[in-house]
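Data block below; observations after.
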Amino acid sequence: MKRKLNNIFLRLSAAFGPQHWWPAENAFEVIVGAILTQNTNWQNVEKALLRLKEQKLLTPKKLAKVRVEKLASLIKSAGYYNLKAARLKFFLRYFLRNYGGSIRRMARRDLADLRQELLGVKGIGPETADSILLYALAKPVFVIDAYTKRIFSRHKLAKEDADYSWLQQLFTRNLKHDVSLFNEYHALLVKLGKDFCRKKNPKCEICPLYGQ
DNA sequence: CACCAGGCAAGTA
DNA sequence: TACTTGCATGGT
C-alpha cells in the first residue's frame, strides 16, 4: 500500500503539476477560508475574503469587534452566511482567549491536544480542523474530504462507507509524515475530483489513475 | 430548470 | 449507532 499511495501521488503530480495550496496571504486567512469553504465552492469564498480585505477586517481582533450581523452580510457570497458568521465568532473567541490571536503561539501547542481543542470549537469538524492544522499551522496532518472518499471508493482502495478516521490512517500509516507532501497530495486529490472523478459525467477512461 | 460545491451540528428513531 | 435535515449563494 505504501508503494501504491506513492505511485498515485507521482501520477497526479505528473498529470497536474504544483497546485499552490492554500491560496492565502497568511495563516489567519487560511483559517477563515477553511470555515467559509465548508460545503461551498472556493470561488464564492474568495469573493467573501476579498470583501473582508476591502474593509480591512481580516485580522482576529478586527473580526472579533464586528457585529455578527454585519459579518454575515460581508460573507454572503460564501453561502450559509448566518451559520458561518456564527462559526467564525466561535473560533475567534477561542483563538483570542487561548492564544491572544497569535498563530505562532497556537502552533507551539502539542499537535494531538490542539486537534482535540479545535474539534471542541462549535463549527469545526474533522476536515476543517485538519485543514487548519496542515495549511495554516504547517502540521503533518492529512486532510480527508468528499473527493478523497469518492476517489478511493471508486478505485477500490477503500470501502464506500469508510469513515474519516479510517481514510486518514490509510495515508498517515503509509506515507512519510511530510508537510509538503501532505499539502500537495490533498490538493491534487481535489483537482482530480473536480476534473475527472465527478458524481455525474465522470471521465474515468481518461483519468490519470485509470488502470491503477 | 436541476445539480453541485474543498461540512457541520442537531434532531430523530 | 445510523440516518436525515437545515443551512444558502453562485456557477454550470
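A note on labels: chains of the C-alpha cells are A, B, ... as shown, every chain counts residues from 1, and ligands are counted from 1 in their shown order.
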What residues in chain C have any atom no more than 9 Å from chain A when counting only C-alpha atoms (C1' of nucleotides), and can you write them as a list in words? DC7, DA8, DT9, DG10 and DG11 of chain C
How would the residues just chosen look if you wrote them out with C-alpha atoms (C1' of nucleotides) as a CSV table (one decimal), in the first residue's frame?
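Ended up saving to part.csv:
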```
chain,number,residue,atom,x,y,z
C,7,DC,C1',-28.0,25.9,6.2
C,8,DA,C1',-27.9,29.5,1.1
C,9,DT,C1',-25.1,31.6,-2.5
C,10,DG,C1',-23.5,31.4,-7.3
C,11,DG,C1',-21.6,28.7,-11.3
```
Based on only C-alpha atoms (C1' of nucleotides), which of the residues in chain A come within 10 Å of chain B? I want them as a PyMOL selection string. chain A and resi 33-44+83+122-128+131+143-147+186-187+190-191+194+199-200
